[in-house]
$ cat data.txt   # compact mmCIF, C-alpha atoms
# COMPACT_ATOMS: atom_id res chain seq x y z
CA MET A 1 17.20 170.99 178.99
CA PRO A 2 18.20 167.33 178.36
CA VAL A 3 21.53 167.58 180.27
CA ILE A 4 21.05 167.86 184.03
CA VAL A 5 23.86 169.21 186.21
CA ASN A 6 24.15 167.45 189.56
CA LEU A 7 26.89 169.67 190.93
CA ASP A 8 24.94 170.62 194.03
CA VAL A 9 24.58 166.92 194.90
CA MET A 10 28.35 166.39 194.64
CA LEU A 11 29.05 169.53 196.64
CA ALA A 12 26.77 168.24 199.41
CA ARG A 13 28.49 164.82 199.35
CA ARG A 14 31.93 166.39 199.62
CA LYS A 15 30.66 168.93 202.15
CA MET A 16 32.05 171.79 200.13
CA ARG A 17 30.50 175.19 199.61
CA SER A 18 30.04 176.77 196.18
CA LYS A 19 32.17 179.73 197.10
CA GLU A 20 35.06 177.48 198.08
CA LEU A 21 34.83 175.41 194.89
CA ALA A 22 34.57 178.51 192.70
CA ALA A 23 37.73 179.92 194.25
CA LYS A 24 39.61 176.63 193.84
CA ILE A 25 38.75 176.12 190.17
CA GLY A 26 39.12 179.79 189.20
CA ILE A 27 35.64 180.77 188.10
CA THR A 28 33.29 183.31 189.62
CA GLU A 29 30.64 182.29 192.12
CA GLN A 30 28.03 183.66 189.73
CA ASN A 31 29.23 181.41 186.91
CA LEU A 32 29.28 178.41 189.24
CA SER A 33 25.74 179.22 190.29
CA LEU A 34 24.69 179.40 186.64
CA LEU A 35 26.39 176.07 186.02
CA LYS A 36 24.58 174.45 188.97
CA SER A 37 21.25 175.65 187.66
CA GLY A 38 22.07 174.53 184.11
CA LYS A 39 21.74 178.01 182.68
CA VAL A 40 25.05 178.02 180.84
CA ARG A 41 25.66 177.56 177.15
CA GLY A 42 28.34 174.95 177.76
CA VAL A 43 31.21 173.82 179.94
CA ARG A 44 34.83 173.79 178.89
CA PHE A 45 36.67 170.52 179.38
CA SER A 46 39.27 172.36 181.44
CA THR A 47 36.60 173.60 183.87
CA LEU A 48 35.04 170.13 184.07
CA ALA A 49 38.46 168.58 184.74
CA ARG A 50 39.16 171.05 187.56
CA ILE A 51 35.76 170.40 189.15
CA CYS A 52 36.33 166.64 188.98
CA ALA A 53 39.80 167.05 190.49
CA GLU A 54 38.48 169.12 193.40
CA LEU A 55 35.41 166.97 194.08
CA GLU A 56 37.24 163.69 193.36
CA CYS A 57 34.56 162.47 191.01
CA GLN A 58 33.88 161.62 187.37
CA PRO A 59 32.14 163.82 184.77
CA GLY A 60 29.30 161.31 184.80
CA ASP A 61 28.73 162.08 188.48
CA LEU A 62 28.15 165.70 187.57
CA LEU A 63 26.24 165.43 184.30
CA GLU A 64 23.18 163.37 183.56
CA TYR A 65 21.20 163.05 180.35
CA GLN A 66 17.42 162.92 180.38
CA PRO A 67 15.59 162.96 177.02
CA GLY A 68 13.48 166.04 176.66
CA PRO A 69 12.91 169.16 174.58
CA GLU A 70 15.84 171.55 174.19
CA GLU A 71 15.16 175.25 174.74
CA GLU A 72 15.49 177.51 171.68
CA ASP A 73 18.46 179.48 172.95
CA GLY A 74 20.38 176.27 173.63
CA THR A 75 20.39 176.50 177.46
CA MET B 76 44.59 189.22 177.45
CA GLU B 77 43.46 191.62 180.16
CA THR B 78 46.45 193.90 179.45
CA ALA B 79 45.57 193.99 175.74
CA ARG B 80 41.97 194.91 176.60
CA GLU B 81 43.18 197.63 178.93
CA ARG B 82 45.47 199.00 176.19
CA ALA B 83 42.54 199.01 173.76
CA ARG B 84 40.43 200.91 176.30
CA LEU B 85 43.23 203.42 176.80
CA LEU B 86 43.51 203.92 173.03
CA SER B 87 39.74 204.46 172.84
CA ARG B 88 39.90 207.11 175.55
CA ARG B 89 42.68 208.89 173.63
CA MET B 90 40.65 208.72 170.41
CA GLU B 91 37.74 210.24 172.31
CA LYS B 92 39.94 213.16 173.39
CA LEU B 93 41.31 213.60 169.85
CA ILE B 94 37.80 213.79 168.42
CA LEU B 95 36.89 216.31 171.11
CA VAL B 96 39.80 218.46 169.93
CA LEU B 97 38.57 218.14 166.32
CA MET B 98 35.09 219.19 167.42
CA ALA B 99 36.57 222.20 169.23
CA ILE B 100 38.47 223.19 166.07
CA LEU B 101 35.27 222.87 164.05
CA GLY B 102 33.49 225.01 166.60
CA LEU B 103 36.23 227.64 166.39
CA PHE B 104 35.96 227.74 162.59
CA VAL B 105 32.19 228.21 162.82
CA LEU B 106 32.63 230.95 165.42
CA TYR B 107 35.27 232.64 163.25
CA GLY B 108 32.89 232.53 160.30
CA LEU B 109 30.09 234.04 162.35
CA VAL B 110 32.35 236.84 163.59
CA LEU B 111 33.48 237.55 160.02
CA ALA B 112 29.88 237.55 158.83
CA TRP B 113 29.03 240.05 161.52
CA SER B 114 31.76 242.44 160.36
CA ASP B 115 31.38 241.79 156.59
CA PRO B 116 28.08 240.12 155.70
CA THR B 117 29.13 239.55 152.08
CA TRP B 118 32.28 237.56 152.89
CA ILE B 119 30.46 234.25 152.74
CA GLY B 120 29.17 234.99 149.23
CA THR B 121 32.66 236.01 148.09
CA PHE B 122 34.15 232.89 149.68
CA VAL B 123 31.67 230.58 147.95
CA ILE B 124 32.16 232.22 144.55
CA GLU B 125 35.92 231.92 144.74
CA ARG B 126 35.74 228.34 146.02
CA LEU B 127 33.33 227.08 143.37
CA ALA B 128 34.49 229.41 140.57
CA LEU B 129 30.99 230.82 140.10
CA PRO B 130 30.03 234.08 138.35
CA LYS B 131 29.69 236.98 140.76
CA PRO B 132 26.24 238.60 141.00
CA PRO B 133 26.02 242.41 140.88
CA GLN B 134 25.06 242.55 144.53
CA PHE B 135 24.47 240.05 147.33
CA SER B 136 21.05 240.32 148.96
CA THR B 137 20.44 239.75 152.68
CA SER B 138 18.30 236.70 152.01
CA THR B 139 21.07 235.12 149.92
CA MET B 140 23.60 235.71 152.69
CA LEU B 141 21.23 234.21 155.26
CA LEU B 142 20.55 231.17 153.08
CA LEU B 143 24.28 230.63 152.51
CA ALA B 144 24.95 230.97 156.23
CA ALA B 145 22.19 228.46 156.97
CA ALA B 146 23.65 226.02 154.45
CA PHE B 147 27.11 226.25 155.99
CA LEU B 148 25.77 225.96 159.53
CA ALA B 149 23.77 222.90 158.50
CA GLN B 150 26.89 221.31 156.99
CA ALA B 151 28.91 222.14 160.11
CA GLY B 152 26.10 220.77 162.28
CA LEU B 153 26.06 217.49 160.38
CA LEU B 154 29.82 217.13 160.72
CA GLY B 155 29.56 217.98 164.42
CA TRP B 156 26.86 215.32 164.89
CA ALA B 157 28.99 212.75 163.08
CA LEU B 158 32.02 213.55 165.24
CA GLN B 159 29.90 213.47 168.41
CA THR B 160 28.51 209.99 167.65
CA LEU B 161 32.00 208.70 166.85
CA ARG B 162 33.27 210.19 170.09
CA ALA B 163 30.41 208.51 171.97
CA ALA B 164 31.35 205.16 170.38
CA PHE B 165 34.96 205.47 171.52
CA ARG B 166 33.81 206.64 174.95
CA GLU B 167 31.63 203.55 175.28
CA ILE B 168 34.55 201.31 174.33
CA GLY B 169 36.84 203.11 176.75
CA LEU B 170 34.42 202.86 179.66
CA HIS B 171 33.12 199.34 179.20
CA ASP B 172 34.14 196.66 176.76
CA ILE B 173 35.84 196.68 173.39
CA VAL B 174 33.13 194.53 171.91
CA GLY B 175 29.69 195.53 173.06
CA ALA B 176 26.22 196.02 171.66
CA GLU B 177 26.10 199.69 172.60
CA SER B 178 29.49 200.57 171.08
CA ALA B 179 28.50 198.71 167.91
CA ARG B 180 25.24 200.65 167.73
CA LEU B 181 27.06 203.96 168.20
CA MET B 182 29.69 203.05 165.60
CA ARG B 183 26.94 202.25 163.07
CA LEU B 184 25.17 205.50 163.96
CA SER B 185 28.39 207.46 163.40
CA GLY B 186 28.72 205.75 160.03
CA VAL B 187 25.21 206.87 159.14
CA ALA B 188 26.01 210.38 160.37
CA PHE B 189 29.18 210.57 158.26
CA LEU B 190 27.25 209.19 155.28
CA THR B 191 24.66 211.92 155.72
CA ASN B 192 27.46 214.46 155.89
CA ALA B 193 29.05 213.03 152.75
CA ILE B 194 25.74 213.25 150.87
CA ALA B 195 25.36 216.84 152.09
CA MET B 196 28.88 217.58 150.81
CA ALA B 197 27.89 216.25 147.40
CA LEU B 198 24.66 218.27 147.38
CA ALA B 199 26.32 221.46 148.62
CA PRO B 200 27.67 222.79 145.27
CA PRO B 201 24.31 222.65 143.43
CA LEU B 202 22.47 224.06 146.44
CA VAL B 203 24.97 226.85 147.03
CA SER B 204 25.12 227.76 143.33
CA LEU B 205 21.32 227.93 143.26
CA ILE B 206 21.33 230.25 146.24
CA VAL B 207 24.02 232.50 144.74
CA SER B 208 22.26 232.65 141.39
CA LEU B 209 19.14 234.06 143.08
CA ASP B 210 20.88 237.45 142.95
CA MET B 211 21.77 237.06 139.28
CA PRO B 212 19.64 238.81 136.63
CA ALA B 213 16.93 236.72 135.02
CA GLY B 214 18.36 234.59 132.23
CA GLN B 215 21.77 234.37 133.93
CA ARG B 216 20.86 231.99 136.72
CA PHE B 217 22.84 228.75 136.92
CA LEU B 218 23.21 225.44 138.65
CA ALA B 219 26.62 223.91 139.36
CA ILE B 220 27.06 220.19 139.85
CA SER B 221 30.32 218.69 140.96
CA PHE B 222 31.40 215.39 142.40
CA GLY B 223 35.05 214.96 143.16
CA THR B 224 37.43 212.66 144.99
CA HIS B 225 36.71 214.37 148.33
CA GLU B 226 33.04 213.47 148.15
CA LEU B 227 33.80 209.96 146.91
CA LEU B 228 36.31 209.40 149.71
CA ALA B 229 33.83 210.67 152.30
CA LEU B 230 31.16 208.29 150.96
CA ILE B 231 33.54 205.32 150.99
CA LEU B 232 34.82 206.04 154.52
CA SER B 233 31.31 206.44 155.91
CA GLY B 234 30.29 203.17 154.27
CA ILE B 235 33.28 201.47 155.88
CA LEU B 236 32.25 202.85 159.28
CA ILE B 237 28.73 201.44 158.86
CA VAL B 238 30.09 198.00 157.89
CA PHE B 239 32.58 198.13 160.78
CA GLY B 240 29.74 198.91 163.18
CA HIS B 241 27.80 195.93 161.86
CA LEU B 242 30.85 193.69 162.32
CA LEU B 243 31.21 194.96 165.89
CA ALA B 244 27.57 194.06 166.54
CA VAL B 245 28.14 190.51 165.30
CA ALA B 246 31.34 190.27 167.37
CA ALA B 247 29.39 191.45 170.42
CA GLU B 248 26.87 188.64 169.90
CA VAL B 249 29.66 186.07 169.60
CA ASP B 250 31.40 187.46 172.69
CA ASP B 251 28.15 187.35 174.65
CA ASP B 252 27.66 183.75 173.54
CA ASN B 253 31.20 182.83 174.61
CA LYS B 254 30.67 184.41 178.02
CA ARG B 255 27.92 181.86 178.59
CA PHE B 256 30.52 179.10 178.49
CA VAL B 257 32.11 178.42 181.88

$ encode --input "data.txt" --output "structure tokens"
Amino acid sequence: MPVIVNLDVMLARRKMRSKELAAKIGITEQNLSLLKSGKVRGVRFSTLARICAELECQPGDLLEYQPGPEEEDGT
Amino acid sequence: METARERARLLSRRMEKLILVLMAILGLFVLYGLVLAWSDPTWIGTFVIERLALPKPPQFSTSTMLLLAAAFLAQAGLLGWALQTLRAAFREIGLHDIVGAESARLMRLSGVAFLTNAIAMALAPPLVSLIVSLDMPAGQRFLAISFGTHELLALILSGILIVFGHLLAVAAEVDDDNKRFV
């Protein structure tokens, strides 16, 4: 997957747990876990904005592009 | 949105109960027919002749009565199967999600079941007339063919159910895809 999600890195920097972030931004812990592992189809801008607001960061801190083959199902 | 989904689930559960009532009524009709046949074995032949305006044979044989009974039971069975699959589809919607792969599959299956029933309804007059004419003297046997608005309506409605089931399946795929967005 060309887009890498560095959410776990930001969580470690801000010393916040996944459960706490999930509760604050209003998504399930399972969905947050899927997002961290990059196994989601996409992220809504509203979710990205809430994550950035809670972690006091920029979208670029969370998402990174590395050229590579995309999987067939788009994940 | 959650309230609307809950209302849809409630409606599905009510539809399931309504179809169960219809199935019970069908069962009662079949039972009534069987009880009548027990007391007067020739009633079914008389009923068919009057319904389809067929010539009456001199006498109804046991085999003719049995064949007619089998034909009616088969028709009732097909209708019962169609109602059961439709009930299962509504049950699935009521228990889980409005748009789901399983409910779509069951809706399509019920469409196929109703289509089969509609085809059986169209084939019933020629089949029944053939059976009745078995008791007619040689040279007076007949075959009746009829296709009316009832049969046409049944075919159209079953086709609509099949298409609706297919649309539900596509909607389920889209919904599943959307769920993978966080």

$ interface_residues --input "data.txt" --of "chain A" --to "chain B" --cutoff "10 Å" --atoms "only C-alpha atoms" --output "list in words"
Ile27, Thr28, Asn31, Leu32, Leu34, Leu35, Lys39, Val40, Arg41, Gly42, Val43, Arg44, Phe45, Ser46, Thr47, Leu48 and Thr75 of chain A

$ closest_residue --input "data.txt" --among "B:Val96, B:Ala149, B:Leu141, B:Ile237" --to "B:Ala179" --atoms "all atoms listed in the file"
B:Ile237

$ closest_residue --input "data.txt" --among "B:Ile173, B:Ala144, B:Leu97, B:Leu236" --to "B:Glu81" --atoms "only C-alpha atoms"
B:Ile173

$ residues_around --input "data.txt" --residues "A:Met10" --least-positions-apart "6" --cutoff "9 Å" --atoms "all atoms listed in the file" --output "NGL selection string"
:A and (16 or 55 or 57 or 61-62)

$ atom_distance --input "data.txt" --atom1 "atom CA of B:Ala213" --atom2 "atom CA of B:Pro133"
12.2 Å

$ atom_distance --input "data.txt" --atom1 "atom CA of B:Gly152" --atom2 "atom CA of B:Ala193"
12.6 Å

$ atom_distance --input "data.txt" --atom1 "atom CA of A:Pro2" --atom2 "atom CA of A:Pro69"
6.8 Å

$ residues_around --input "data.txt" --residues "stretch 112-126 of chain B" --least-positions-apart "4" --cutoff "8 Å" --atoms "only C-alpha atoms" --output "list in words"
Gly108, Pro130, Lys131, Phe135, Met140, Leu143, Ala144, Val203 and Val207 of chain B

$ residues_around --input "data.txt" --residues "B:Glu167" --least-positions-apart "6" --cutoff "12 Å" --atoms "only C-alpha atoms" --output "PyMOL selection string"
chain B and resi 83-85+87-88+90-91+160-161+173-182

$ residues_near_point --input "data.txt" --point "(38.8, 176.2, 197.3)" --cutoff "12 Å" --atoms "all atoms listed in the file" --output "PyMOL selection string"
chain A and resi 11+15-29+50-51+53-55

$ closest_residue --input "data.txt" --among "B:Leu209, B:Leu153, B:Leu158, B:Leu170" --to "B:Thr191" --atoms "all atoms listed in the file"
B:Leu153

$ residues_around --input "data.txt" --residues "B:Leu190" --least-positions-apart "3" --cutoff "7 Å" --atoms "only C-alpha atoms" --output "PyMOL selection string"
chain B and resi 186-187+193-194+230+233-234

$ axis_aligned_box --input "data.txt" --around "stretch 36-50 of chain A" --padding-each-side "5 Å" --output "AutoDock Vina command-line options"
--center_x 30.3 --center_y 173.3 --center_z 183.1 --size_x 28.0 --size_y 19.4 --size_z 21.8

$ closest_residue --input "data.txt" --among "B:Thr78, B:Leu95, B:Val245, B:Pro132" --to "B:Pro212" --atoms "all atoms listed in the file"
B:Pro132
